[in-house]
file data11.txt (compact mmCIF, C-alpha atoms (C1' of nucleotides))
# COMPACT_ATOMS: atom_id res chain seq x y z
CA MET A 1 4.97 3.95 2.76
CA LYS A 2 6.62 0.58 3.42
CA ASP A 3 4.35 0.00 6.42
CA LEU A 4 1.28 1.16 4.50
CA LEU A 5 2.02 -1.43 1.84
CA LYS A 6 2.11 -4.08 4.55
CA GLN A 7 -1.35 -3.00 5.64
CA ILE A 8 -2.72 -3.79 2.19
CA ASN A 9 -4.75 -6.96 2.72
CA LYS A 10 -4.00 -9.53 0.06
CA ALA A 11 -7.57 -10.81 0.14
CA PHE A 12 -8.89 -7.40 -0.92
CA ASP A 13 -6.06 -6.53 -3.30
CA ASN A 14 -7.89 -7.71 -6.38
CA LYS A 15 -10.59 -5.78 -8.17
CA ILE A 16 -13.17 -8.55 -8.05
CA ARG A 17 -12.79 -9.17 -4.34
CA LEU A 18 -12.66 -5.44 -3.69
CA GLY A 19 -15.92 -5.13 -5.61
CA ILE A 20 -17.60 -7.95 -3.72
CA MET A 21 -16.59 -6.41 -0.40
CA SER A 22 -17.82 -3.01 -1.51
CA VAL A 23 -21.21 -4.44 -2.44
CA LEU A 24 -21.51 -6.24 0.88
CA VAL A 25 -20.44 -3.22 2.90
CA HIS A 26 -23.16 -1.18 1.26
CA LYS A 27 -25.90 -3.80 0.96
CA LYS A 28 -25.14 -6.09 3.93
CA SER A 29 -26.25 -9.08 1.85
CA ALA A 30 -26.46 -10.12 -1.79
CA THR A 31 -27.13 -13.29 -3.75
CA PHE A 32 -24.82 -15.10 -6.14
CA ASN A 33 -26.78 -13.94 -9.15
CA GLU A 34 -27.10 -10.37 -7.98
CA ILE A 35 -23.35 -9.99 -7.63
CA LYS A 36 -22.67 -11.91 -10.80
CA GLU A 37 -24.93 -9.60 -12.82
CA LEU A 38 -23.85 -6.42 -11.10
CA MET A 39 -20.17 -7.12 -11.66
CA GLY A 40 -20.44 -8.94 -14.98
CA LEU A 41 -18.59 -11.99 -13.75
CA THR A 42 -18.52 -15.56 -14.93
CA ASP A 43 -19.84 -18.14 -12.50
CA GLY A 44 -16.42 -19.63 -11.84
CA ASN A 45 -14.82 -16.31 -11.25
CA LEU A 46 -17.38 -15.25 -8.66
CA SER A 47 -17.40 -18.63 -6.97
CA SER A 48 -13.65 -18.88 -6.56
CA ASN A 49 -13.16 -15.30 -5.44
CA ALA A 50 -15.99 -15.55 -2.94
CA SER A 51 -14.34 -18.68 -1.57
CA VAL A 52 -11.13 -16.76 -0.97
CA LEU A 53 -13.06 -14.17 1.03
CA GLU A 54 -14.88 -16.88 2.95
CA GLU A 55 -11.69 -18.77 3.77
CA GLY A 56 -10.28 -15.58 5.20
CA GLY A 57 -13.38 -15.18 7.35
CA TYR A 58 -14.34 -11.91 5.69
CA ILE A 59 -17.70 -13.04 4.35
CA GLU A 60 -20.19 -15.77 5.16
CA ILE A 61 -21.77 -17.87 2.46
CA LYS A 62 -25.28 -19.03 3.25
CA LYS A 63 -26.91 -21.73 1.21
CA GLN A 64 -30.63 -22.27 1.46
CA PHE A 65 -33.47 -23.53 -0.66
CA ILE A 66 -36.07 -21.16 -1.97
CA LYS A 67 -38.92 -23.01 -3.70
CA LYS A 68 -36.87 -26.16 -4.23
CA LYS A 69 -34.08 -24.12 -5.81
CA SER A 70 -30.73 -23.63 -4.18
CA ASN A 71 -29.96 -20.06 -3.31
CA THR A 72 -26.59 -18.78 -2.20
CA SER A 73 -26.21 -15.47 -0.46
CA TYR A 74 -23.18 -13.58 0.76
CA HIS A 75 -22.88 -11.59 3.95
CA ILE A 76 -20.05 -9.56 5.36
CA THR A 77 -18.70 -10.64 8.76
CA GLU A 78 -17.60 -8.41 11.60
CA LYS A 79 -13.99 -9.31 10.84
CA GLY A 80 -14.67 -8.45 7.22
CA LYS A 81 -15.98 -5.00 8.09
CA ILE A 82 -13.01 -4.17 10.30
CA SER A 83 -10.38 -5.61 7.97
CA PHE A 84 -11.86 -3.95 4.91
CA LYS A 85 -11.85 -0.57 6.63
CA LEU A 86 -8.19 -0.96 7.57
CA HIS A 87 -7.38 -1.93 4.00
CA LEU A 88 -9.18 1.09 2.57
CA ASP A 89 -7.50 3.38 5.07
CA ALA A 90 -4.05 2.21 3.97
CA LEU A 91 -5.02 2.41 0.31
CA SER A 92 -6.29 5.91 0.75
CA LYS A 93 -3.09 7.03 2.45
CA ILE A 94 -0.97 5.58 -0.34
CA ILE A 95 -3.05 7.31 -2.99
CA GLN A 96 -3.09 10.63 -1.18
CA GLY A 97 0.65 10.58 -0.57
CA LYS A 98 0.23 10.50 3.20
CA TYR A 99 3.56 8.90 3.90
CA ASP A 100 6.93 10.17 4.89
CA THR A 101 9.27 10.44 1.92
CA LYS A 102 12.11 9.38 4.20
CA SER A 103 10.97 5.89 5.22
CA MET B 1 -20.28 -1.50 -11.44
CA LYS B 2 -19.43 -3.68 -14.41
CA ASP B 3 -18.25 -0.63 -16.39
CA LEU B 4 -16.32 0.73 -13.43
CA LEU B 5 -14.42 -2.55 -13.20
CA LYS B 6 -13.50 -2.17 -16.86
CA GLN B 7 -12.05 1.26 -16.09
CA ILE B 8 -9.62 -0.30 -13.61
CA ASN B 9 -6.26 -0.11 -15.36
CA LYS B 10 -4.39 -3.39 -15.12
CA ALA B 11 -1.04 -1.58 -15.01
CA PHE B 12 -2.05 0.20 -11.80
CA ASP B 13 -3.97 -2.70 -10.26
CA ASN B 14 -1.05 -3.91 -8.20
CA LYS B 15 0.08 -2.38 -4.96
CA ILE B 16 3.69 -1.87 -6.01
CA ARG B 17 2.82 -0.12 -9.25
CA LEU B 18 0.10 1.86 -7.51
CA GLY B 19 2.71 2.98 -4.99
CA ILE B 20 5.24 3.92 -7.66
CA MET B 21 2.62 5.97 -9.49
CA SER B 22 1.56 7.64 -6.27
CA VAL B 23 5.14 8.65 -5.51
CA LEU B 24 5.62 10.03 -9.01
CA VAL B 25 2.35 11.93 -8.97
CA HIS B 26 3.37 13.64 -5.77
CA LYS B 27 7.09 14.05 -6.39
CA LYS B 28 7.25 14.33 -10.19
CA SER B 29 10.55 12.44 -10.15
CA ALA B 30 12.35 9.87 -7.99
CA THR B 31 15.43 7.70 -8.24
CA PHE B 32 15.65 3.92 -8.18
CA ASN B 33 17.07 3.91 -4.67
CA GLU B 34 14.62 6.46 -3.32
CA ILE B 35 11.65 4.37 -4.40
CA LYS B 36 13.29 1.15 -3.36
CA GLU B 37 13.91 2.44 0.17
CA LEU B 38 10.60 4.23 0.49
CA MET B 39 8.63 1.16 -0.52
CA GLY B 40 10.91 -1.52 0.92
CA LEU B 41 11.26 -3.35 -2.37
CA THR B 42 13.86 -5.76 -3.66
CA ASP B 43 15.85 -4.59 -6.67
CA GLY B 44 14.26 -7.07 -9.01
CA ASN B 45 10.78 -6.27 -7.87
CA LEU B 46 11.20 -2.56 -8.47
CA SER B 47 12.99 -3.05 -11.76
CA SER B 48 10.38 -5.34 -13.27
CA ASN B 49 7.37 -3.37 -12.07
CA ALA B 50 8.87 -0.11 -13.31
CA SER B 51 9.38 -1.79 -16.68
CA VAL B 52 5.70 -2.64 -16.84
CA LEU B 53 4.82 1.00 -16.24
CA GLU B 54 7.36 2.13 -18.81
CA GLU B 55 6.12 -0.31 -21.43
CA GLY B 56 2.62 1.09 -20.95
CA GLY B 57 4.00 4.60 -21.46
CA TYR B 58 2.98 5.71 -17.98
CA ILE B 59 6.46 6.57 -16.76
CA GLU B 60 9.79 7.42 -18.32
CA ILE B 61 13.02 5.86 -17.12
CA LYS B 62 16.05 8.11 -17.43
CA LYS B 63 19.53 6.73 -17.04
CA GLN B 64 22.44 9.05 -16.48
CA PHE B 65 25.82 9.07 -14.81
CA ILE B 66 26.39 11.06 -11.66
CA LYS B 67 30.05 11.07 -10.61
CA LYS B 68 30.88 7.96 -12.64
CA LYS B 69 27.95 6.10 -11.08
CA SER B 70 24.90 5.10 -13.01
CA ASN B 71 21.74 6.75 -11.78
CA THR B 72 18.24 5.78 -12.82
CA SER B 73 15.34 8.09 -12.26
CA TYR B 74 11.64 7.73 -12.88
CA HIS B 75 9.27 10.37 -14.15
CA ILE B 76 5.55 10.30 -14.77
CA THR B 77 4.39 10.99 -18.32
CA GLU B 78 1.38 13.02 -19.39
CA LYS B 79 -0.35 9.79 -20.36
CA GLY B 80 0.52 8.42 -16.95
CA LYS B 81 -1.05 11.37 -15.15
CA ILE B 82 -4.28 11.15 -17.12
CA SER B 83 -4.57 7.37 -16.96
CA PHE B 84 -3.79 7.24 -13.26
CA LYS B 85 -6.45 9.81 -12.50
CA LEU B 86 -9.05 7.82 -14.44
CA HIS B 87 -8.02 4.69 -12.57
CA LEU B 88 -8.34 6.36 -9.19
CA ASP B 89 -11.71 7.83 -10.12
CA ALA B 90 -13.07 4.38 -10.94
CA LEU B 91 -11.52 2.88 -7.83
CA SER B 92 -13.03 5.57 -5.68
CA LYS B 93 -16.49 5.03 -7.13
CA ILE B 94 -16.29 1.28 -6.51
CA ILE B 95 -15.21 1.83 -2.92
CA GLN B 96 -17.85 4.44 -2.23
CA GLY B 97 -20.61 2.34 -3.74
CA LYS B 98 -21.30 4.88 -6.48
CA TYR B 99 -22.83 2.41 -8.89
CA ASP B 100 -26.32 1.38 -9.74
CA THR B 101 -27.32 -1.83 -7.98
CA LYS B 102 -29.31 -2.79 -11.10
CA SER B 103 -26.53 -3.00 -13.68
C1' DA C 1 45.32 -7.09 -7.69
C1' DT C 2 41.42 -9.05 -5.63
C1' DT C 3 37.24 -8.59 -3.13
C1' DT C 4 33.26 -6.23 -2.05
C1' DT C 5 29.70 -3.14 -2.90
C1' DT C 6 26.46 -0.62 -5.77
C1' DA C 7 23.11 -0.45 -9.22
C1' DC C 8 20.59 -2.62 -11.73
C1' DT C 9 18.49 -6.60 -15.19
C1' DT C 10 17.33 -11.22 -16.46
C1' DT C 11 15.97 -15.84 -15.46
C1' DT C 12 13.60 -19.16 -12.78
C1' DT C 13 10.18 -20.47 -9.61
C1' DT C 14 5.91 -19.78 -7.32
C1' DT C 15 1.47 -17.85 -7.07
C1' DT C 16 -2.67 -16.11 -8.98
C1' DG C 17 -6.45 -15.35 -12.09
C1' DC C 18 -9.73 -16.91 -15.14
C1' DA C 19 -12.20 -19.65 -18.43
C1' DA C 20 -13.74 -23.98 -19.46
C1' DA C 21 -15.35 -28.15 -17.97
C1' DG C 22 -17.81 -30.61 -14.50
C1' DT C 23 -21.73 -31.67 -11.13
C1' DA C 24 -26.25 -31.99 -9.50
C1' DA C 25 -30.88 -30.95 -9.15
C1' DA C 26 -35.09 -28.95 -11.14
C1' DA C 27 -37.94 -27.80 -14.93
C1' DA C 28 -39.38 -28.22 -19.52
C1' DA C 29 -39.99 -30.81 -23.69
C1' DA C 30 -40.60 -34.96 -26.31
C1' DT D 1 -41.91 -40.87 -18.45
C1' DT D 2 -37.39 -40.48 -20.10
C1' DT D 3 -34.45 -37.14 -22.22
C1' DT D 4 -32.96 -32.70 -22.77
C1' DT D 5 -32.26 -28.20 -21.19
C1' DT D 6 -31.68 -24.86 -17.82
C1' DT D 7 -30.21 -23.14 -13.35
C1' DA D 8 -26.94 -22.74 -9.84
C1' DC D 9 -23.11 -23.34 -8.67
C1' DT D 10 -17.80 -25.74 -7.95
C1' DT D 11 -13.54 -27.67 -9.49
C1' DT D 12 -9.79 -28.18 -12.61
C1' DG D 13 -6.17 -26.79 -15.58
C1' DC D 14 -3.50 -23.63 -17.93
C1' DA D 15 -1.68 -19.05 -18.97
C1' DA D 16 -0.09 -14.94 -17.06
C1' DA D 17 1.84 -12.37 -13.46
C1' DA D 18 4.53 -11.67 -9.27
C1' DA D 19 8.41 -12.57 -6.42
C1' DA D 20 12.81 -14.55 -5.51
C1' DA D 21 17.09 -15.81 -7.01
C1' DA D 22 20.78 -15.46 -9.94
C1' DG D 23 23.42 -12.77 -13.09
C1' DT D 24 26.04 -8.60 -14.93
C1' DA D 25 28.98 -4.79 -14.95
C1' DA D 26 31.31 -1.03 -13.19
C1' DA D 27 33.22 1.41 -9.19
C1' DA D 28 35.19 1.54 -4.74
C1' DA D 29 37.47 -0.43 -1.05
C1' DT D 30 40.97 -3.57 0.83

call {"tool": "encode", "arguments": {"input": "data11.txt", "output": "structure tokens"}}
result
Amino acid sequence: MKDLLKQINKAFDNKIRLGIMSVLVHKKSATFNEIKELMGLTDGNLSSNASVLEEGGYIEIKKQFIKKKSNTSYHITEKGKISFKLHLDALSKIIQGKYDTKS
Amino acid sequence: MKDLLKQINKAFDNKIRLGIMSVLVHKKSATFNEIKELMGLTDGNLSSNASVLEEGGYIEIKKQFIKKKSNTSYHITEKGKISFKLHLDALSKIIQGKYDTKS
DNA sequence: ATTTTTACTTTTTTTTGCAAAGTAAAAAAA
DNA sequence: TTTTTTTACTTTGCAAAAAAAAGTAAAAAT
């Protein structure tokens, strides 16, 4: 169990960031407003949590202009995919009690 | 997704408390030292997180003396069982992308 | 008798989360 | 056309939470 806890990735150990990663795993890409609406987040909350994921290299934030309007979209990176899977694997083992009760 | 996030129970949304609950779901009862060793926690960390779970009514903390030595054991409550299940159900749906991409 | 260890709890410090305020550009209104 | 509002975000600041450190008390060892 001790080692499983160490495999819990701090970047994903927060419901908002877990949610963002989940969306991006399933959709490959989503815009600021899509995620904001879907998750019912405030602007600041989404922005700062997305930054944490970007700083860790788990997502990429692309800024472009669509009809003179700025448009921010989020994409999962290869590192993000791999790391998120490892995190979920550890989480799943903790939940399912797949650890030795001795160590 | 928004509603699933609301179903995430703050008391369980922390890896240490999630771990404690997982142990108690699977073992029904465990002592302070068992959990401490199993999870590799410091005394203070276990004590304070267990208190949070107790204050929420999710676990019961029993103190007794075994051969002149104090012995603290943790037990899951009925409320704890039900609430933890609901939490895991929501978590699982978020992870598996079981939410409408419209709301 | 004094020191160390065991079994915790409480206090202090550090980190994190979140809302509110801030920024900048476009669009709408006056 | 200038002013106001809306859109699309980011940054700041404070409260809450987590972790570490310090504290307590009793038992066991020296």

call {"tool": "residues_around", "arguments": {"input": "data11.txt", "residues": "range 7-23 of chain D", "least_positions_apart": "3", "cutoff": "10 Å", "atoms": "only C-alpha atoms (C1' of nucleotides)", "output": "count of residues only"}}
result
36

call {"tool": "calpha_fit_and_write", "arguments": {"input": "data11.txt", "fixed": "chain B", "moving": "chain A", "output": "PDB file with C-alpha atoms, in the coordinates of the input"}}
result
ATOM      1  CA  MET A   1     -20.259  -1.466 -11.479  1.00  0.00           C
ATOM      2  CA  LYS A   2     -19.397  -3.671 -14.464  1.00  0.00           C
ATOM      3  CA  ASP A   3     -18.223  -0.631 -16.433  1.00  0.00           C
ATOM      4  CA  LEU A   4     -16.296   0.732 -13.452  1.00  0.00           C
ATOM      5  CA  LEU A   5     -14.406  -2.541 -13.234  1.00  0.00           C
ATOM      6  CA  LYS A   6     -13.466  -2.157 -16.887  1.00  0.00           C
ATOM      7  CA  GLN A   7     -12.023   1.252 -16.096  1.00  0.00           C
ATOM      8  CA  ILE A   8      -9.608  -0.308 -13.619  1.00  0.00           C
ATOM      9  CA  ASN A   9      -6.242  -0.100 -15.374  1.00  0.00           C
ATOM     10  CA  LYS A  10      -4.372  -3.370 -15.147  1.00  0.00           C
ATOM     11  CA  ALA A  11      -1.034  -1.574 -14.999  1.00  0.00           C
ATOM     12  CA  PHE A  12      -2.048   0.191 -11.781  1.00  0.00           C
ATOM     13  CA  ASP A  13      -3.974  -2.706 -10.254  1.00  0.00           C
ATOM     14  CA  ASN A  14      -1.079  -3.918  -8.163  1.00  0.00           C
ATOM     15  CA  LYS A  15       0.048  -2.368  -4.915  1.00  0.00           C
ATOM     16  CA  ILE A  16       3.651  -1.869  -5.971  1.00  0.00           C
ATOM     17  CA  ARG A  17       2.787  -0.145  -9.223  1.00  0.00           C
ATOM     18  CA  LEU A  18       0.079   1.857  -7.488  1.00  0.00           C
ATOM     19  CA  GLY A  19       2.697   2.958  -4.969  1.00  0.00           C
ATOM     20  CA  ILE A  20       5.219   3.922  -7.625  1.00  0.00           C
ATOM     21  CA  MET A  21       2.602   5.978  -9.453  1.00  0.00           C
ATOM     22  CA  SER A  22       1.545   7.649  -6.229  1.00  0.00           C
ATOM     23  CA  VAL A  23       5.126   8.647  -5.466  1.00  0.00           C
ATOM     24  CA  LEU A  24       5.621  10.042  -8.953  1.00  0.00           C
ATOM     25  CA  VAL A  25       2.344  11.940  -8.931  1.00  0.00           C
ATOM     26  CA  HIS A  26       3.372  13.644  -5.723  1.00  0.00           C
ATOM     27  CA  LYS A  27       7.103  14.061  -6.330  1.00  0.00           C
ATOM     28  CA  LYS A  28       7.264  14.329 -10.144  1.00  0.00           C
ATOM     29  CA  SER A  29      10.566  12.434 -10.092  1.00  0.00           C
ATOM     30  CA  ALA A  30      12.377   9.889  -7.943  1.00  0.00           C
ATOM     31  CA  THR A  31      15.453   7.697  -8.211  1.00  0.00           C
ATOM     32  CA  PHE A  32      15.651   3.918  -8.155  1.00  0.00           C
ATOM     33  CA  ASN A  33      17.088   3.895  -4.665  1.00  0.00           C
ATOM     34  CA  GLU A  34      14.662   6.434  -3.292  1.00  0.00           C
ATOM     35  CA  ILE A  35      11.670   4.373  -4.355  1.00  0.00           C
ATOM     36  CA  LYS A  36      13.302   1.134  -3.334  1.00  0.00           C
ATOM     37  CA  GLU A  37      13.931   2.429   0.194  1.00  0.00           C
ATOM     38  CA  LEU A  38      10.623   4.212   0.535  1.00  0.00           C
ATOM     39  CA  MET A  39       8.633   1.154  -0.482  1.00  0.00           C
ATOM     40  CA  GLY A  40      10.910  -1.512   0.972  1.00  0.00           C
ATOM     41  CA  LEU A  41      11.268  -3.355  -2.300  1.00  0.00           C
ATOM     42  CA  THR A  42      13.873  -5.737  -3.597  1.00  0.00           C
ATOM     43  CA  ASP A  43      15.839  -4.571  -6.610  1.00  0.00           C
ATOM     44  CA  GLY A  44      14.220  -7.077  -8.945  1.00  0.00           C
ATOM     45  CA  ASN A  45      10.758  -6.256  -7.819  1.00  0.00           C
ATOM     46  CA  LEU A  46      11.174  -2.533  -8.409  1.00  0.00           C
ATOM     47  CA  SER A  47      12.944  -3.027 -11.711  1.00  0.00           C
ATOM     48  CA  SER A  48      10.349  -5.338 -13.200  1.00  0.00           C
ATOM     49  CA  ASN A  49       7.358  -3.353 -12.006  1.00  0.00           C
ATOM     50  CA  ALA A  50       8.846  -0.102 -13.248  1.00  0.00           C
ATOM     51  CA  SER A  51       9.359  -1.767 -16.618  1.00  0.00           C
ATOM     52  CA  VAL A  52       5.674  -2.625 -16.788  1.00  0.00           C
ATOM     53  CA  LEU A  53       4.802   1.023 -16.186  1.00  0.00           C
ATOM     54  CA  GLU A  54       7.344   2.147 -18.759  1.00  0.00           C
ATOM     55  CA  GLU A  55       6.106  -0.294 -21.393  1.00  0.00           C
ATOM     56  CA  GLY A  56       2.637   1.102 -20.920  1.00  0.00           C
ATOM     57  CA  GLY A  57       3.985   4.611 -21.432  1.00  0.00           C
ATOM     58  CA  TYR A  58       2.970   5.713 -17.950  1.00  0.00           C
ATOM     59  CA  ILE A  59       6.445   6.578 -16.707  1.00  0.00           C
ATOM     60  CA  GLU A  60       9.772   7.456 -18.279  1.00  0.00           C
ATOM     61  CA  ILE A  61      12.990   5.894 -17.097  1.00  0.00           C
ATOM     62  CA  LYS A  62      16.016   8.137 -17.423  1.00  0.00           C
ATOM     63  CA  LYS A  63      19.484   6.737 -17.083  1.00  0.00           C
ATOM     64  CA  GLN A  64      22.398   9.070 -16.573  1.00  0.00           C
ATOM     65  CA  PHE A  65      25.800   9.064 -14.970  1.00  0.00           C
ATOM     66  CA  ILE A  66      26.439  11.039 -11.842  1.00  0.00           C
ATOM     67  CA  LYS A  67      30.129  11.008 -10.884  1.00  0.00           C
ATOM     68  CA  LYS A  68      30.886   7.920 -12.957  1.00  0.00           C
ATOM     69  CA  LYS A  69      28.006   6.067 -11.310  1.00  0.00           C
ATOM     70  CA  SER A  70      24.880   5.094 -13.153  1.00  0.00           C
ATOM     71  CA  ASN A  71      21.765   6.739 -11.856  1.00  0.00           C
ATOM     72  CA  THR A  72      18.247   5.796 -12.839  1.00  0.00           C
ATOM     73  CA  SER A  73      15.343   8.106 -12.242  1.00  0.00           C
ATOM     74  CA  TYR A  74      11.637   7.728 -12.844  1.00  0.00           C
ATOM     75  CA  HIS A  75       9.262  10.372 -14.107  1.00  0.00           C
ATOM     76  CA  ILE A  76       5.554  10.303 -14.711  1.00  0.00           C
ATOM     77  CA  THR A  77       4.391  10.997 -18.277  1.00  0.00           C
ATOM     78  CA  GLU A  78       1.388  13.016 -19.353  1.00  0.00           C
ATOM     79  CA  LYS A  79      -0.368   9.792 -20.322  1.00  0.00           C
ATOM     80  CA  GLY A  80       0.526   8.427 -16.910  1.00  0.00           C
ATOM     81  CA  LYS A  81      -1.041  11.375 -15.113  1.00  0.00           C
ATOM     82  CA  ILE A  82      -4.278  11.156 -17.079  1.00  0.00           C
ATOM     83  CA  SER A  83      -4.565   7.373 -16.932  1.00  0.00           C
ATOM     84  CA  PHE A  84      -3.781   7.233 -13.234  1.00  0.00           C
ATOM     85  CA  LYS A  85      -6.464   9.804 -12.478  1.00  0.00           C
ATOM     86  CA  LEU A  86      -9.047   7.811 -14.424  1.00  0.00           C
ATOM     87  CA  HIS A  87      -8.022   4.675 -12.565  1.00  0.00           C
ATOM     88  CA  LEU A  88      -8.341   6.351  -9.175  1.00  0.00           C
ATOM     89  CA  ASP A  89     -11.701   7.812 -10.120  1.00  0.00           C
ATOM     90  CA  ALA A  90     -13.075   4.363 -10.954  1.00  0.00           C
ATOM     91  CA  LEU A  91     -11.534   2.864  -7.831  1.00  0.00           C
ATOM     92  CA  SER A  92     -13.046   5.547  -5.694  1.00  0.00           C
ATOM     93  CA  LYS A  93     -16.498   5.000  -7.167  1.00  0.00           C
ATOM     94  CA  ILE A  94     -16.294   1.266  -6.542  1.00  0.00           C
ATOM     95  CA  ILE A  95     -15.242   1.798  -2.943  1.00  0.00           C
ATOM     96  CA  GLN A  96     -17.875   4.429  -2.277  1.00  0.00           C
ATOM     97  CA  GLY A  97     -20.649   2.338  -3.792  1.00  0.00           C
ATOM     98  CA  LYS A  98     -21.316   4.864  -6.542  1.00  0.00           C
ATOM     99  CA  TYR A  99     -22.810   2.392  -8.949  1.00  0.00           C
ATOM    100  CA  ASP A 100     -26.289   1.371  -9.848  1.00  0.00           C
ATOM    101  CA  THR A 101     -27.317  -1.837  -8.109  1.00  0.00           C
ATOM    102  CA  LYS A 102     -29.244  -2.785 -11.235  1.00  0.00           C
ATOM    103  CA  SER A 103     -26.430  -3.006 -13.794  1.00  0.00           C
TER     104      SER A 103
END

call {"tool": "interface_residues", "arguments": {"input": "data11.txt", "of": "chain C", "to": "chain B", "cutoff": "9 Å", "atoms": "all atoms listed in the file", "output": "list in words"}}
result
DT6, DA7, DC8 and DT9 of chain C

call {"tool": "interface_residues", "arguments": {"input": "data11.txt", "of": "chain A", "to": "chain B", "cutoff": "6 Å", "atoms": "only C-alpha atoms", "output": "list of chain:residue names"}}
result
A:Met1, A:Lys2, A:Ser22, A:Leu38, A:Met39, A:Gly40, A:Ile95, A:Ser103

call {"tool": "atom_distance", "arguments": {"input": "data11.txt", "atom1": "CA of Phe84 in chain B", "atom2": "CA of Ala30 in chain B"}}
result
17.2 Å

call {"tool": "atom_distance", "arguments": {"input": "data11.txt", "atom1": "CA of Glu60 in chain B", "atom2": "CA of His75 in chain B"}}
result
5.1 Å

call {"tool": "closest_residue", "arguments": {"input": "data11.txt", "among": "A:Lys28, A:Phe65, A:Ala11, A:Thr77", "to": "chain D", "atoms": "only C-alpha atoms (C1' of nucleotides)"}}
result
A:Phe65

call {"tool": "atom_distance", "arguments": {"input": "data11.txt", "atom1": "CA of Ala50 in chain A", "atom2": "CA of Phe12 in chain B"}}
result
22.8 Å

call {"tool": "decode", "arguments": {"input": "data11.txt", "residues": "range 2-14 of chain D", "atoms": "N, CA, C and O atoms (P, O5', C5', C4', C3', O3' and C1' of nucleotides)", "output": "compact mmCIF listing (two decimals), in the first residue's frame"}}
result
# COMPACT_ATOMS: atom_id res chain seq x y z
P DT D 2 -13.47 60.08 -30.64
O5' DT D 2 -13.64 59.93 -29.04
C5' DT D 2 -14.80 60.43 -28.36
C4' DT D 2 -15.36 59.36 -27.43
C3' DT D 2 -14.31 58.51 -26.73
O3' DT D 2 -14.26 58.62 -25.29
C1' DT D 2 -16.09 57.19 -27.60
P DT D 3 -15.39 59.00 -24.15
O5' DT D 3 -16.69 58.12 -24.48
C5' DT D 3 -17.84 58.15 -23.62
C4' DT D 3 -18.21 56.76 -23.13
C3' DT D 3 -17.24 56.14 -22.13
O3' DT D 3 -17.82 56.12 -20.81
C1' DT D 3 -17.88 54.57 -23.83
P DT D 4 -18.77 54.99 -20.07
O5' DT D 4 -19.59 54.26 -21.25
C5' DT D 4 -20.95 53.82 -21.04
C4' DT D 4 -21.06 52.33 -21.30
C3' DT D 4 -20.75 51.44 -20.10
O3' DT D 4 -21.89 50.61 -19.93
C1' DT D 4 -19.69 50.60 -22.03
P DT D 5 -22.16 49.55 -18.82
O5' DT D 5 -22.03 48.18 -19.63
C5' DT D 5 -22.82 48.01 -20.83
C4' DT D 5 -22.36 46.75 -21.54
C3' DT D 5 -22.20 45.53 -20.63
O3' DT D 5 -22.93 44.47 -21.22
C1' DT D 5 -20.27 45.82 -21.98
P DT D 6 -23.32 43.12 -20.53
O5' DT D 6 -22.45 42.08 -21.38
C5' DT D 6 -22.49 42.14 -22.82
C4' DT D 6 -21.28 41.41 -23.38
C3' DT D 6 -20.99 40.06 -22.71
O3' DT D 6 -20.98 39.07 -23.74
C1' DT D 6 -19.01 41.31 -22.99
P DT D 7 -20.99 37.52 -23.45
O5' DT D 7 -19.50 37.12 -23.91
C5' DT D 7 -19.03 37.50 -25.21
C4' DT D 7 -17.54 37.23 -25.29
C3' DT D 7 -17.10 35.88 -24.73
O3' DT D 7 -16.29 35.28 -25.72
C1' DT D 7 -15.76 37.60 -23.85
P DA D 8 -15.91 33.77 -25.69
O5' DA D 8 -14.45 33.85 -25.06
C5' DA D 8 -13.38 34.45 -25.81
C4' DA D 8 -12.16 34.52 -24.93
C3' DA D 8 -11.91 33.25 -24.09
O3' DA D 8 -10.53 32.91 -24.19
C1' DA D 8 -11.80 35.11 -22.74
P DC D 9 -10.11 31.38 -24.02
O5' DC D 9 -10.28 31.26 -22.45
C5' DC D 9 -9.17 31.14 -21.59
C4' DC D 9 -8.50 32.50 -21.28
C3' DC D 9 -7.58 32.40 -20.10
O3' DC D 9 -6.24 32.19 -20.55
C1' DC D 9 -8.87 34.41 -20.04
P DT D 10 -5.17 31.58 -19.59
O5' DT D 10 -4.79 32.82 -18.64
C5' DT D 10 -4.24 34.02 -19.20
C4' DT D 10 -3.80 34.91 -18.06
C3' DT D 10 -2.88 34.24 -17.04
O3' DT D 10 -1.83 35.17 -16.81
C1' DT D 10 -4.75 35.19 -15.93
P DT D 11 -0.62 34.82 -15.84
O5' DT D 11 -0.99 35.65 -14.53
C5' DT D 11 -1.24 37.05 -14.62
C4' DT D 11 -1.65 37.57 -13.25
C3' DT D 11 -0.75 37.11 -12.11
O3' DT D 11 -0.34 38.31 -11.44
C1' DT D 11 -3.04 36.73 -11.57
P DT D 12 0.51 38.30 -10.14
O5' DT D 12 -0.60 38.50 -9.01
C5' DT D 12 -1.48 39.61 -9.08
C4' DT D 12 -2.40 39.59 -7.87
C3' DT D 12 -1.70 39.38 -6.53
O3' DT D 12 -2.24 40.34 -5.63
C1' DT D 12 -3.43 37.79 -6.80
P DG D 13 -1.66 40.61 -4.21
O5' DG D 13 -2.74 39.94 -3.26
C5' DG D 13 -4.13 40.31 -3.36
C4' DG D 13 -4.93 39.44 -2.42
C3' DG D 13 -4.28 39.20 -1.06
O3' DG D 13 -5.30 39.17 -0.08
C1' DG D 13 -4.64 37.14 -2.11
P DC D 14 -5.00 39.43 1.45
O5' DC D 14 -6.13 38.61 2.21
C5' DC D 14 -7.38 38.32 1.58
C4' DC D 14 -7.74 36.86 1.78
C3' DC D 14 -7.41 36.30 3.18
O3' DC D 14 -8.55 35.61 3.63
C1' DC D 14 -6.66 34.84 1.53
